[in-house]
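Enquirer: Got a structure for you, questions after.
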Amino acid sequence: MPKRQDLKKVLVIGSGPIVIGQAAEFDYAGTQACRSLREEGIEVVLVNSNPATIMTDADIADRTYLEPLTPEALEEIIIKEKPQGVVATLGGQVGLNLALALAQKGVLQRENVKLLGTPLSAIEKAEDREIFKRTMQEIGEPIPESDVVDSIDGALSFAESIGYPVIVRPGYTLGGTGGGVAHNEKELKEIAAKGLIYSVNKQLLVERSVAGWKEIEYEVMRDANDNCITVCSMENIDPVGIHTGDSIVVAPTQTLSDRDYQMLRTGALKIIRALGIEGGCNIQYALDPQSSKYYVIEVNPRVSRSSALASKATGYPIAKVAAKIALGLTLDEIANSVTKDTSACFEPALDYVVIKVPRWPFDKFARAKRTLGSQMKATGEVMALGRNFSAALLKAVRSLEMSFTTLTIPSFSKLNWHELLEKMELTDDERIFAVAECLRRGFSMEQISGITGIDMFFLEGIKNIVDMETYLKQKRQWNREDWLTAKKMGFGDVQLAEILGQTEPEVREKRKALGIEACYHMVDTCAGEFDASTPYYYSAYGEETEYTESEKQKVVVLGSGPIRIGQGIEFDYCSVHSSWAIRESGRESIVINNNPETVSTDPDTSDRLYFEPLTLDSVLDVLEVEKPRGVVVQFGGQTAINLAKPLAERGVTILGTAIDDIDRAEDRERFDEFLEGLKIPRPLGSMAFNKDEAKGIAAKLGFPVLVRPSYVLGGRAMEIVDNEQDLTTYLEEAVRVSPEHPVLVDRYFQGKEVEVDALCDGKDVLIPGIMEHLERAGIHSGDSTAIYPSQTIEQPLLDRIVDYTTRIALGLNTIGILNIQYVIKDNVLYVIEVNPRASRTVPFLSKVTGIPMAKVATKIMLGETLEKQGYSSGLFKPKELVAIKIPVFSFNKLTDVEPSLGPEMKSTGEVLGLASDYVTALRKAFLAAGYKIPVEGEVLATIADQDKEEALPLLREFVQLGYKLWATEGTASFLRKNDVPVREVYKLEQGSPHVCDLIRSGRIDFVVNTLTRSKRPLRDGFQIRRAAVEFNIPCMTSLDTCRGLLKAIAIKREEGGVREVKALQEYL
Amino acid sequence: MKAYLCLADGKVFAGESIGMIGETAGEVVFNTSMTGYQEILTDPSYAGQIITLTYPLIGNYGINKNDEEASRIAARGLVIKELCNMPSNFRSEKNLHKYLVTHGIVGIRDVDTRTLTKHLRLSGTMPGLISVDSDLDRLKAKAAELKGISGLNLVQTVTSQEAYSLEGGEYRVVLMDFGAKGNIAKSLQALGCRVTIVPARATAGEILRYKPWGVVLSNGPGDPQDVDYVLPVIREVLQSGVPVLGICLGHQLFGMALGGTTYKLKFGHRGGNHPVKELKNQRVYITSQNHGYALDRDSLANSEVEVSHVNLHDGTVEGLEYREKGSFSVQFHPEAAPGPQDTFYLFERFVKTIKERGGIHA
């Protein structure tokens, strides 16, 4: 079927900010889709509020709207752009929900816009539980007994009729938000109440729990001619009960016979046909381990995290193909981009094993509940490929960058068997390590399988690793066969060094002397049956390499690994740009990374892609084969920069800023010395190697002081402490200070924070922009609202920022990019921090300045000066626009996490407000971040004593704007004293209806809650913040944010409306 | 124990012995299916061949009686990457290694099957041998002497010796057994057919004596030229007006009976992911395949049959239709086992036809 001729212009809906459950996979999907549509001559209009994405680059779509993903904004865009079609299935659940909203509002019909690909009816059939159930019954596909209810009583009476446990799933939500398994009436009441709030259609599905069954997934595609294929099957190592996003997943399925595999495959084809999907679809099954009985447990009528994983696991570009299907092309008309000669209408054959392991944020949120269930908690994931199960698993575990060298958490060796059993029963992120430890201690696999539900096949895979460890430990004198077996099984050099009690370089030398080196196989979609032209490699041992020489000069870009708080999609964005710049320079670009969600691991992004752990040994293995001119480390966040020094020590050429200069920026004492030499001030402070030293420094500086461990990313374990007692607590509990782990103690200024990214070639320093934070210093820059260009800084200070930045960049002999954070206090400019690498503001700043910063920096590293690239020194003149980056959080996915902001980063994503003026940009930023701004509303304020005076005018303004105020005792009496009308609500201890009941009633629009400075564990404050988060009510813990919001409210518009929508291309 | 796979062109792959310890020779082919090793091993069409499985983990779900396509293994050997000795599946009765030993099959594991597959793709299918003998010079010399499978008359080694009928069913169908996979008869039975199996050398008279409503030509091993004695039988059956369904080798023979010729493919089609397009409606189906020979499309230009299906990848003939005789044939395996069940509808189409035309012999 040829392409539809009625389509000239198509709107693509993106997925918005990165939150848990909806991450970088949609940037990958959206970017592929835009390219795929443009290949067919379609004019693409894109809307996405997330500036950290490749898809929102001005050259990916023809028109790019960085606007809030609200039905109102989309309606304005549709009216303005008049597209003939809209693609909604590549923007995650957000995209689907928006399409449904636009259809329900009648916008699509009125504006004559067709929903392309999967029709509305299919989306409804898959998403509306009742219609879905009926459809499955019609085609005879079994689903667990279930009922859709719209009340807690309904849930209870249904559960009564089928018996517990039951699982609760709210309709139309991300990553199972608000769902859970209830084992009794009490649990069900709680979960149902919460679920009803999250459910978009105010419905809940209550169904029989099939926890413990095998969880099997299929990625299926269908075109308008009814051709259907399955791209990939996947088996969750963690059985049903843990969200697939939080499960360790292996592809293809390992424990299914052909009969059962085909039974489920045939079912999947029946389902996609019955739903009428045109595009991609993810189908999840629960399969009884003891029979061939199965249930369909979920269908996603769109591309998903699993389809990104399936694409990377197989080499089959699902989103690209789905976009072409949306235009009316059939699968057989679309080429297989890996082989070029065959078509997209086939099913990939794998000759390797793929394992995905989630990356959880529990290292940052020490107090979060680590238990995994139906609510996804991972922020990212890693993938590894191997010729056997153990190699894929060990490579994946090393890719996590959690300092695991194998399936070992050292502290587990101290647990007694009882504690270990408990640890294993607890389905948390460390379970697989507990399983390995149990196997080490000789627990039987049957026993472990009985407790965890993990299939014996996988346990045997883990046992093989454990047994090999034991064998190697006992033998000590290894022959060549032992070495080879260990490497084939995926043992890393560091792990082998640990076993031998030697250093990693010694081990490497030894194995190389034995001629044991990594070989590289290709991911070719067809198990070698056809010739492949896309070099996408993974390592193996003891086999023939498929690596082919190339004449061109090569440059390697180190990626940033899994997405985690503090190192997000921004770094992947930079890596992609760097790879492109290398290509543009006529060289071959090579990317090493292990994140299956992102654009950097799309084989189209580089000339050669290596899917490998970003560990020294794996990177060295690749470099030894590729022999590149050099390695780029400035874009892969701390992951890449941490590898710079060890790589250089092995004789690898690091492009750009020299290792010693990187060290001068990162080593505290050398950095102080450096700034002193330049006569540039910084908040006084120094490094403490023990408790007394720290106290001495603090006493000299005067409280408050900012304390943090040295060399960390994302402000991990950073705190502001007000007195010596708090400092002691911090030093004893939060970080165990020691000579190996020193702590930095700095004077803390509550000043204005400014952030600058600069490009330098050693001669010229280009400053694309100066960003000013809305929140005063003390809140991590990643969690701050950043405004470009700066709005309140006077010219003399701007000049000084340019002067300091220039001198620092030159002084550090920067070749490439760097990021500097300043604080302004009493008209003095202090340097807080210099990062000799790309920062998370690069994507957004690149977009709004039109300077592709990562590309320019890469070209500088390759020898092309700024001048040659057409740039000159100094501050780049801003365009007529204001861009505001505002953080987005995932607190509603992580119970027990403190939602207040501080020096430790907590946000998972960001959105942009872009407009011609400051206030409109601010309004758009808040709307994009999910704030609903009603014309009238109600605000709950609980303000700490030290903030009351400052808060007064803000709260008064809410009233003037027509909002009603609620407050607890102290704040209420303060407001009344100052003649501000307020309604008082009980504190928690005063009994119901108290402040949390008020929040749960759904009448509150905003919560303003500031923390007492002493950080005394105020139960009320925490409960209030959690209640707000769980009921999706914006909760501001900074008065600065609140001040910004008031400005955004003040420009009164129609409820939720946006004043102007304007494409990025129109601003530039 | 060390073992070696030595190809006729002298390329040697080292590995470990599995199954029977010894030496075996055959045509080395590869199959890209990711599941179904037991069905593949027991498919009689692999007679005379050493099977390489490209998926690296084999034996994971064990072996069970129900997944056999034939009660004995006709293949000559098995080449794999990694063998699972502790299978995990509720139906598993034993592990693959024991199964190979029981059936006297020599195999080898820990072979770089990807490199082997690429070698076969580039150089074409070729004979080879698996041996535990480490005298590589001897192995190479012996491998170089090995002949191809053409002319071996492999069908004779796998066809049933006598005719017999299966229990139950209503519509009489004669299945000409050239090495039929068990699931062909099962598929027909599932649709209500009363299946009679006859040996490859059955005459038309013998076949028609059963008064069949339809005749199915089964899959089978080797060069279709070796079985040309069947061609007149097929013609006679067609003449009688009984609808014919040909599968795999049966398809090639069907085409040859109607004037076509066959040729050997460089490395064949073996796997569960081959896309086939039905020309009539441009629909594509993912099929299960196992063949080393194909019908020459040009040779059928003047035939009464139409090409109904083609391979989407290389355009080879995948199906024929002889509309006026209610007969058709496909190169792939609608009975799956292993592989996708997408083309089971062809059996339904065939049974519908014989029910419509069944009157002749009813």
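Identifiers for the structure tokens are assigned positionally: chains receive A, B, ... in sequence, residues are indexed from 1 per chain, and ligands are indexed from 1 in the order shown.
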Distance limit 8 Å, atoms considered: only C-alpha atoms. Which chain A residues sit that close to chain B? Return them as a PyMOL selection string.

Expert: chain A and resi 225-229+252+254-259+261-262+265-266+289-291+332+341-343+345-353+387-388+455-457+460+526-530+543-544

Enquirer: Near Leu129 (chain B), counting only C-alpha atoms, which residues have an atom at most 6 Å away, once you skip same-chain residues fewer than 4 positions from it, shown as a VMD selection string?

Expert: chain B and resid 5 to 6 24 to 25

Enquirer: Write down as a count of residues only the residues belonging to region 154-292 of chain A that are assigned strand (DSSP E or B) by DSSP computed on the backbone.

Expert: 43

Enquirer: I want to know what sits within 9 Å of Glu724 (chain A), based on only C-alpha atoms, with residues of the same chain fewer than 4 positions away left out; could you give that as a ChimeraX atom specification?

Expert: /A:695,698-699,703,728-729

Enquirer: Excluding Ser131 (chain B) and its own-chain neighbours fewer than 3 positions away, which residues fall within 9 Å of it when counting only C-alpha atoms? Please give them as JSON, numbers by chain.

Expert: {"B": [2, 3, 4, 5, 6, 17, 21, 22, 23, 24, 25, 106, 107, 108, 134, 139]}

Enquirer: Can you pull out every residue within 10 Å of region 119-131 of chain A, counting only C-alpha atoms, but drop anything in the same chain fewer than 2 positions away, and send it as an NGL selection string?

Expert: :A and (88-89 or 96-97 or 99-100 or 103 or 114-117 or 133-137 or 146-149 or 169-173 or 201 or 203-205 or 271-279 or 281 or 298-302 or 326)

Enquirer: Region 414-419 of chain A: which residues within 10 Å, counting only C-alpha atoms, same-chain residues fewer than 6 positions away excluded, as a list of chain:residue names?

Expert: A:Glu425, A:Ala434, A:Glu437, A:Cys438, A:Arg441, A:Phe443

Enquirer: Can you pull out every residue within 6 Å of region 305-321 of chain A, counting only C-alpha atoms, but drop anything in the same chain fewer than 6 positions away, and send it as a ChimeraX atom specification?

Expert: /A:25,29,32-33,36,232,525,596-597

Enquirer: Would you mind reading off the distance between CA of Gly267 (chain A) and CA of Thr353 (chain B), one decimal, in Å?

Expert: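 That distance, rounded to one decimal, is 26.8 Å.
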
Enquirer: Just give me the gap between CA of Met234 (chain A) and CA of Glu207 (chain A) in Å, one decimal is fine.

Expert: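 Between CA of Met234 (chain A) and CA of Glu207 (chain A) the gap works out to 23.4 Å.
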
Enquirer: Where in region 45-170 of chain B does DSSP assign helix (DSSP H, G or I), given as a ChimeraX atom specification?

Expert: /B:45-46,65-67,96-102,113-123,136-145,155-158
